[in-house]
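Worksheet for the structure shown next.
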Amino acid sequence: VQLVESGGGLVQPGGSLRLSCAASGFTFSRYSMRWYRQAPGKERELVAVSSSVGGRTNYADFVKERFTISRDNAKNTVYLQMNSLKPEDTAVYYCNARFGPDDYWGQGTQVTVSS
């Protein structure tokens with residue numbers, strides 16, 4: 001099983017980034033896919049969820065109207081489009097796959113929002 005995040009980097013406040021998470025080794029379409037983030041000195045927090053059923057999505061209040069999670073089951077990839085980025089969005093962003101007892105994590109990608 002592998003989850004490989006990409007797309008992080010340094011961006012100015014108000015800018016945009018698109019994170020990708022390429023999955024392999026499991027049946028991607030069956031899994032709920034999530035993005036989490038962890039800022040220095042803080043606990044890891046849930047950012048967005050893409051359900052395996054019905055295309056449902058959910059977001060943390062602090063990213064609503066700014067971030068969009070999407071998935072391409074044909075490419076085994078989940079995305080996080082991040083717009084109107086703020087300095088407080090600076091964190092390591094992690095991809096997570098969950099189905100029953102299975103709980104897989106990527107290595108994370110750093111997002112830094114700074115002028």
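Please note that chains go A, B, ... in the order of the structure tokens, that every chain numbers its residues from 1, and that ligands are numbered from 1 in the order shown.
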> Residues at most 9 Å from A:Val47, counting only C-alpha atoms, excluding those fewer than 2 positions away in the same chain, as a ChimeraX atom specification?
Replying inline: /A:34-37,45,49,58-63,67,93
Could you save those same residues with all heavy atoms as a tab-separated table (two decimals), in the first residue's frame?
```
chain	number	residue	atom	x	y	z
A	34	ARG	N	-9.28	11.12	2.75
A	34	ARG	CA	-9.27	12.31	3.60
A	34	ARG	C	-7.96	13.05	3.48
A	34	ARG	O	-6.92	12.46	3.21
A	34	ARG	CB	-9.48	11.88	5.06
A	34	ARG	CG	-10.76	11.11	5.26
A	34	ARG	CD	-10.77	10.31	6.55
A	34	ARG	NE	-11.98	9.51	6.64
A	34	ARG	CZ	-12.80	9.49	7.68
A	34	ARG	NH1	-12.53	10.21	8.75
A	34	ARG	NH2	-13.88	8.75	7.67
A	35	TRP	N	-8.04	14.34	3.72
A	35	TRP	CA	-6.86	15.15	3.91
A	35	TRP	C	-6.85	15.65	5.35
A	35	TRP	O	-7.85	16.14	5.84
A	35	TRP	CB	-6.85	16.33	2.95
A	35	TRP	CG	-6.55	15.98	1.53
A	35	TRP	CD1	-7.44	15.76	0.53
A	35	TRP	CD2	-5.26	15.79	0.96
A	35	TRP	NE1	-6.80	15.44	-0.63
A	35	TRP	CE2	-5.44	15.47	-0.41
A	35	TRP	CE3	-3.95	15.88	1.45
A	35	TRP	CZ2	-4.39	15.23	-1.28
A	35	TRP	CZ3	-2.89	15.63	0.58
A	35	TRP	CH2	-3.12	15.31	-0.76
A	36	TYR	N	-5.71	15.50	5.97
A	36	TYR	CA	-5.45	16.04	7.29
A	36	TYR	C	-4.30	17.03	7.18
A	36	TYR	O	-3.56	17.03	6.18
A	36	TYR	CB	-5.04	14.93	8.28
A	36	TYR	CG	-6.14	14.03	8.75
A	36	TYR	CD1	-6.63	13.01	7.94
A	36	TYR	CD2	-6.68	14.19	10.02
A	36	TYR	CE1	-7.63	12.17	8.40
A	36	TYR	CE2	-7.68	13.35	10.48
A	36	TYR	CZ	-8.15	12.33	9.67
A	36	TYR	OH	-9.14	11.50	10.12
A	37	ARG	N	-4.12	17.81	8.23
A	37	ARG	CA	-2.94	18.67	8.29
A	37	ARG	C	-2.45	18.77	9.72
A	37	ARG	O	-3.21	18.60	10.67
A	37	ARG	CB	-3.23	20.05	7.71
A	37	ARG	CG	-4.12	20.92	8.57
A	37	ARG	CD	-4.42	22.23	7.84
A	37	ARG	NE	-5.14	23.17	8.70
A	37	ARG	CZ	-5.62	24.34	8.27
A	37	ARG	NH1	-5.45	24.71	7.00
A	37	ARG	NH2	-6.25	25.14	9.10
A	45	GLU	N	-5.21	17.63	12.34
A	45	GLU	CA	-6.63	17.92	12.24
A	45	GLU	C	-7.16	17.56	10.87
A	45	GLU	O	-6.46	17.65	9.86
A	45	GLU	CB	-6.89	19.41	12.53
A	45	GLU	CG	-6.17	20.38	11.63
A	45	GLU	CD	-6.36	21.84	12.06
A	45	GLU	OE1	-7.05	22.11	13.06
A	45	GLU	OE2	-5.80	22.71	11.38
A	49	VAL	N	-13.03	15.43	3.59
A	49	VAL	CA	-13.34	14.02	3.38
A	49	VAL	C	-14.05	13.84	2.05
A	49	VAL	O	-14.96	14.61	1.71
A	49	VAL	CB	-14.25	13.47	4.50
A	49	VAL	CG1	-14.56	11.99	4.26
A	49	VAL	CG2	-13.62	13.67	5.87
A	58	ASN	N	-17.11	16.43	2.82
A	58	ASN	CA	-17.27	17.21	4.04
A	58	ASN	C	-15.99	17.99	4.30
A	58	ASN	O	-14.89	17.54	3.94
A	58	ASN	CB	-17.57	16.31	5.24
A	58	ASN	CG	-18.98	15.79	5.23
A	58	ASN	OD1	-19.94	16.53	5.43
A	58	ASN	ND2	-19.14	14.49	4.97
A	59	TYR	N	-16.16	19.13	4.95
A	59	TYR	CA	-15.03	20.02	5.18
A	59	TYR	C	-15.03	20.54	6.61
A	59	TYR	O	-16.08	20.75	7.22
A	59	TYR	CB	-15.09	21.22	4.23
A	59	TYR	CG	-15.03	20.85	2.78
A	59	TYR	CD1	-16.18	20.61	2.06
A	59	TYR	CD2	-13.80	20.73	2.14
A	59	TYR	CE1	-16.12	20.25	0.72
A	59	TYR	CE2	-13.73	20.38	0.81
A	59	TYR	CZ	-14.90	20.13	0.11
A	59	TYR	OH	-14.83	19.78	-1.22
A	60	ALA	N	-13.82	20.78	7.10
A	60	ALA	CA	-13.69	21.50	8.36
A	60	ALA	C	-14.15	22.93	8.14
A	60	ALA	O	-14.00	23.49	7.04
A	60	ALA	CB	-12.24	21.47	8.83
A	61	ASP	N	-14.72	23.52	9.18
A	61	ASP	CA	-15.25	24.88	9.05
A	61	ASP	C	-14.17	25.86	8.59
A	61	ASP	O	-14.47	26.81	7.85
A	61	ASP	CB	-15.83	25.34	10.39
A	61	ASP	CG	-17.16	24.68	10.69
A	61	ASP	OD1	-17.78	24.11	9.76
A	61	ASP	OD2	-17.60	24.71	11.86
A	62	PHE	N	-12.94	25.64	9.01
A	62	PHE	CA	-11.90	26.62	8.71
A	62	PHE	C	-11.44	26.60	7.25
A	62	PHE	O	-10.65	27.46	6.84
A	62	PHE	CB	-10.69	26.45	9.65
A	62	PHE	CG	-10.12	25.06	9.70
A	62	PHE	CD1	-9.29	24.59	8.71
A	62	PHE	CD2	-10.41	24.22	10.77
A	62	PHE	CE1	-8.75	23.31	8.77
A	62	PHE	CE2	-9.88	22.94	10.84
A	62	PHE	CZ	-9.06	22.48	9.83
A	63	VAL	N	-11.91	25.63	6.45
A	63	VAL	CA	-11.54	25.62	5.03
A	63	VAL	C	-12.75	25.70	4.09
A	63	VAL	O	-12.58	25.73	2.87
A	63	VAL	CB	-10.69	24.39	4.66
A	63	VAL	CG1	-9.42	24.35	5.49
A	63	VAL	CG2	-11.49	23.10	4.78
A	67	PHE	N	-11.36	25.47	0.15
A	67	PHE	CA	-10.74	24.23	-0.29
A	67	PHE	C	-11.79	23.32	-0.92
A	67	PHE	O	-12.96	23.32	-0.51
A	67	PHE	CB	-10.12	23.48	0.90
A	67	PHE	CG	-8.90	24.13	1.51
A	67	PHE	CD1	-8.50	25.41	1.18
A	67	PHE	CD2	-8.16	23.43	2.45
A	67	PHE	CE1	-7.39	25.99	1.77
A	67	PHE	CE2	-7.04	23.99	3.04
A	67	PHE	CZ	-6.67	25.28	2.71
A	93	TYR	N	0.53	18.52	5.09
A	93	TYR	CA	-0.76	17.96	4.69
A	93	TYR	C	-0.59	16.47	4.37
A	93	TYR	O	0.31	16.08	3.61
A	93	TYR	CB	-1.31	18.71	3.48
A	93	TYR	CG	-1.88	20.06	3.86
A	93	TYR	CD1	-1.05	21.11	4.23
A	93	TYR	CD2	-3.26	20.28	3.87
A	93	TYR	CE1	-1.57	22.34	4.62
A	93	TYR	CE2	-3.79	21.52	4.24
A	93	TYR	CZ	-2.94	22.53	4.61
A	93	TYR	OH	-3.46	23.75	4.98
```
>> Applying 9 Å and only C-alpha atoms, which residues near A:Ser29 remain after dropping the ones on its own chain fewer than 6 positions away? List them as a list in words.
In response: Ser52, Val53, Asp72, Asn73, Ala74 and Asn76 of chain A
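By chain and then residue number, the residues within 6 Å of stretch 99-106 of chain A are Leu3, Val4, Tyr31, Tyr94 and Cys95 of chain A, counting only C-alpha atoms and disregarding those fewer than 4 positions away in sequence.
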Taking C-alpha atoms for each residue, export the selection above as an mmCIF file, in the first residue's frame.
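Final file, again.cif:
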```
data_model
loop_
_atom_site.group_PDB
_atom_site.id
_atom_site.type_symbol
_atom_site.label_atom_id
_atom_site.label_comp_id
_atom_site.auth_asym_id
_atom_site.auth_seq_id
_atom_site.Cartn_x
_atom_site.Cartn_y
_atom_site.Cartn_z
ATOM 1 C CA LEU A 3 -0.106 6.956 -0.657
ATOM 2 C CA VAL A 4 2.157 9.560 -2.230
ATOM 3 C CA TYR A 31 -12.106 3.836 0.460
ATOM 4 C CA TYR A 94 -1.396 14.224 4.853
ATOM 5 C CA CYS A 95 -3.490 11.955 2.702
#
```
>> Measuring between only C-alpha atoms, which one of A:Val113, A:Ile69, A:Val1, A:Ala91 shows the shortest distance to A:Pro13?
In response: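 Smallest separation from A:Pro13 among the options: A:Val113.
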>> Please return, as a PyMOL selection string, all residues of chain A that DSSP assigns to strand (DSSP E or B) on the basis of the backbone.
In response: chain A and resi 2-6+9-11+17-24+32-38+45-50+57-59+67-72+77-82+91-99+102-105+109-113
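Near A:Ser16, within a cut-off of 8 Å and counting only C-alpha atoms, sit the residues Gln81, Met82, Asn83, Ser84 and Leu85 of chain A, with same-chain residues fewer than 6 positions away left out.
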For N, CA and C atoms, I'd like the residues from the last selection saved as a PDB file, in the first residue's frame.
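File selection.pdb, as written:
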```pdb
ATOM      1  N   GLN A  81      -7.807  21.044  -3.796  1.00  0.00           N
ATOM      2  CA  GLN A  81      -7.609  22.371  -4.372  1.00  0.00           C
ATOM      3  C   GLN A  81      -7.743  23.392  -3.247  1.00  0.00           C
ATOM      4  N   MET A  82      -6.702  24.170  -3.032  1.00  0.00           N
ATOM      5  CA  MET A  82      -6.686  25.129  -1.935  1.00  0.00           C
ATOM      6  C   MET A  82      -6.580  26.533  -2.510  1.00  0.00           C
ATOM      7  N   ASN A  83      -7.587  27.344  -2.271  1.00  0.00           N
ATOM      8  CA  ASN A  83      -7.624  28.722  -2.747  1.00  0.00           C
ATOM      9  C   ASN A  83      -7.638  29.684  -1.558  1.00  0.00           C
ATOM     10  N   SER A  84      -7.350  30.932  -1.838  1.00  0.00           N
ATOM     11  CA  SER A  84      -7.367  31.972  -0.795  1.00  0.00           C
ATOM     12  C   SER A  84      -6.585  31.540   0.435  1.00  0.00           C
ATOM     13  N   LEU A  85      -5.405  31.050   0.202  1.00  0.00           N
ATOM     14  CA  LEU A  85      -4.603  30.511   1.298  1.00  0.00           C
ATOM     15  C   LEU A  85      -4.197  31.595   2.282  1.00  0.00           C
TER      16      LEU A  85
END
```
>> As an exercise, work out the distance from atom CA of A:Ser6 to atom CA of A:Ser20 in Å and give it to one decimal place.
In response: 5.3 Å
> Which neighbours of A:Val78 fall inside 6 Å, counting only C-alpha atoms, when residues of the same chain fewer than 2 positions from it are skipped, and could you give them as a ChimeraX atom specification?
Replying inline: /A:20-21,70-71
> Running DSSP on the backbone, which parts of stretch 28-87 of chain A land in helix (DSSP H, G or I), as a PyMOL selection string?
Replying inline: chain A and resi 28-30+61-63+87
Output for the residues just chosen: all heavy atoms as a short mmCIF file (atom, residue, chain, number, x, y, z; two decimals), in the first residue's frame:
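File again.cif, as written:
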```cif
data_model
loop_
_atom_site.label_atom_id
_atom_site.label_comp_id
_atom_site.auth_asym_id
_atom_site.auth_seq_id
_atom_site.Cartn_x
_atom_site.Cartn_y
_atom_site.Cartn_z
N PHE A 28 -9.02 1.51 -4.47
CA PHE A 28 -9.18 2.92 -4.14
C PHE A 28 -10.65 3.33 -4.04
O PHE A 28 -11.03 4.06 -3.13
CB PHE A 28 -8.48 3.74 -5.21
CG PHE A 28 -8.55 5.22 -5.03
CD1 PHE A 28 -7.68 5.88 -4.16
CD2 PHE A 28 -9.47 5.98 -5.74
CE1 PHE A 28 -7.72 7.25 -3.99
CE2 PHE A 28 -9.53 7.36 -5.58
CZ PHE A 28 -8.65 8.00 -4.70
N SER A 29 -11.46 2.88 -4.97
CA SER A 29 -12.85 3.34 -5.04
C SER A 29 -13.66 2.96 -3.81
O SER A 29 -14.70 3.58 -3.53
CB SER A 29 -13.52 2.80 -6.30
OG SER A 29 -13.53 1.38 -6.28
N ARG A 30 -13.23 1.98 -3.06
CA ARG A 30 -13.97 1.54 -1.88
C ARG A 30 -13.67 2.38 -0.64
O ARG A 30 -14.39 2.30 0.35
CB ARG A 30 -13.62 0.08 -1.55
CG ARG A 30 -14.08 -0.93 -2.59
CD ARG A 30 -13.73 -2.33 -2.12
NE ARG A 30 -14.16 -3.34 -3.08
CZ ARG A 30 -13.92 -4.64 -2.95
NH1 ARG A 30 -13.26 -5.09 -1.89
NH2 ARG A 30 -14.33 -5.50 -3.85
N ASP A 61 -14.72 23.52 9.18
CA ASP A 61 -15.25 24.88 9.05
C ASP A 61 -14.17 25.86 8.59
O ASP A 61 -14.47 26.81 7.85
CB ASP A 61 -15.83 25.34 10.39
CG ASP A 61 -17.16 24.68 10.69
OD1 ASP A 61 -17.78 24.11 9.76
OD2 ASP A 61 -17.60 24.71 11.86
N PHE A 62 -12.94 25.64 9.01
CA PHE A 62 -11.90 26.62 8.71
C PHE A 62 -11.44 26.60 7.25
O PHE A 62 -10.65 27.46 6.84
CB PHE A 62 -10.69 26.45 9.65
CG PHE A 62 -10.12 25.06 9.70
CD1 PHE A 62 -9.29 24.59 8.71
CD2 PHE A 62 -10.41 24.22 10.77
CE1 PHE A 62 -8.75 23.31 8.77
CE2 PHE A 62 -9.88 22.94 10.84
CZ PHE A 62 -9.06 22.48 9.83
N VAL A 63 -11.91 25.63 6.45
CA VAL A 63 -11.54 25.62 5.03
C VAL A 63 -12.75 25.70 4.09
O VAL A 63 -12.58 25.73 2.87
CB VAL A 63 -10.69 24.39 4.66
CG1 VAL A 63 -9.42 24.35 5.49
CG2 VAL A 63 -11.49 23.10 4.78
N PRO A 87 -1.82 32.44 6.03
CA PRO A 87 -0.63 31.96 6.77
C PRO A 87 -0.98 30.83 7.74
O PRO A 87 -0.15 29.92 7.93
CB PRO A 87 -0.16 33.22 7.50
CG PRO A 87 -0.58 34.34 6.61
CD PRO A 87 -1.92 33.91 6.05
#
```
> Can you list, as a list of chain:residue names, every protein, DNA or RNA residue that comes within 12 Å of A:Ser114 when you count only C-alpha atoms, leaving out same-chain residues fewer than 5 positions away?
Replying inline: A:Gly9, A:Leu10, A:Val11, A:Gln12, A:Pro13, A:Gly14, A:Gly15, A:Leu85, A:Lys86, A:Pro87, A:Glu88, A:Asp89, A:Thr90, A:Ala91
Got time to write the residues from that selection, N, CA and C atoms, as a PDB file, in the first residue's frame?
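Listing of selection_0.pdb after writing:
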```pdb
ATOM      1  N   GLY A   9       4.275  23.330  -1.314  1.00  0.00           N
ATOM      2  CA  GLY A   9       5.294  24.310  -1.624  1.00  0.00           C
ATOM      3  C   GLY A   9       5.052  25.606  -0.890  1.00  0.00           C
ATOM      4  N   LEU A  10       5.750  26.632  -1.327  1.00  0.00           N
ATOM      5  CA  LEU A  10       5.642  27.965  -0.739  1.00  0.00           C
ATOM      6  C   LEU A  10       4.730  28.820  -1.617  1.00  0.00           C
ATOM      7  N   VAL A  11       3.761  29.471  -0.995  1.00  0.00           N
ATOM      8  CA  VAL A  11       2.822  30.306  -1.740  1.00  0.00           C
ATOM      9  C   VAL A  11       2.530  31.554  -0.913  1.00  0.00           C
ATOM     10  N   GLN A  12       2.242  32.639  -1.591  1.00  0.00           N
ATOM     11  CA  GLN A  12       1.913  33.885  -0.890  1.00  0.00           C
ATOM     12  C   GLN A  12       0.475  33.855  -0.389  1.00  0.00           C
ATOM     13  N   PRO A  13       0.177  34.610   0.647  1.00  0.00           N
ATOM     14  CA  PRO A  13      -1.213  34.705   1.116  1.00  0.00           C
ATOM     15  C   PRO A  13      -2.130  35.105  -0.030  1.00  0.00           C
ATOM     16  N   GLY A  14      -3.288  34.449  -0.076  1.00  0.00           N
ATOM     17  CA  GLY A  14      -4.231  34.685  -1.159  1.00  0.00           C
ATOM     18  C   GLY A  14      -4.017  33.793  -2.373  1.00  0.00           C
ATOM     19  N   GLY A  15      -2.918  33.074  -2.384  1.00  0.00           N
ATOM     20  CA  GLY A  15      -2.606  32.211  -3.520  1.00  0.00           C
ATOM     21  C   GLY A  15      -3.307  30.870  -3.455  1.00  0.00           C
ATOM     22  N   LEU A  85      -5.405  31.050   0.202  1.00  0.00           N
ATOM     23  CA  LEU A  85      -4.603  30.511   1.298  1.00  0.00           C
ATOM     24  C   LEU A  85      -4.197  31.595   2.282  1.00  0.00           C
ATOM     25  N   LYS A  86      -4.155  31.192   3.555  1.00  0.00           N
ATOM     26  CA  LYS A  86      -3.805  32.091   4.647  1.00  0.00           C
ATOM     27  C   LYS A  86      -2.544  31.572   5.349  1.00  0.00           C
ATOM     28  N   PRO A  87      -1.819  32.440   6.030  1.00  0.00           N
ATOM     29  CA  PRO A  87      -0.635  31.957   6.769  1.00  0.00           C
ATOM     30  C   PRO A  87      -0.976  30.826   7.740  1.00  0.00           C
ATOM     31  N   GLU A  88      -2.168  30.861   8.308  1.00  0.00           N
ATOM     32  CA  GLU A  88      -2.546  29.804   9.255  1.00  0.00           C
ATOM     33  C   GLU A  88      -2.833  28.457   8.584  1.00  0.00           C
ATOM     34  N   ASP A  89      -2.823  28.434   7.260  1.00  0.00           N
ATOM     35  CA  ASP A  89      -2.947  27.150   6.550  1.00  0.00           C
ATOM     36  C   ASP A  89      -1.598  26.430   6.447  1.00  0.00           C
ATOM     37  N   THR A  90      -0.533  27.080   6.896  1.00  0.00           N
ATOM     38  CA  THR A  90       0.786  26.464   6.866  1.00  0.00           C
ATOM     39  C   THR A  90       0.806  25.219   7.725  1.00  0.00           C
ATOM     40  N   ALA A  91       1.197  24.107   7.115  1.00  0.00           N
ATOM     41  CA  ALA A  91       1.188  22.809   7.807  1.00  0.00           C
ATOM     42  C   ALA A  91       1.737  21.743   6.868  1.00  0.00           C
TER      43      ALA A  91
END
```
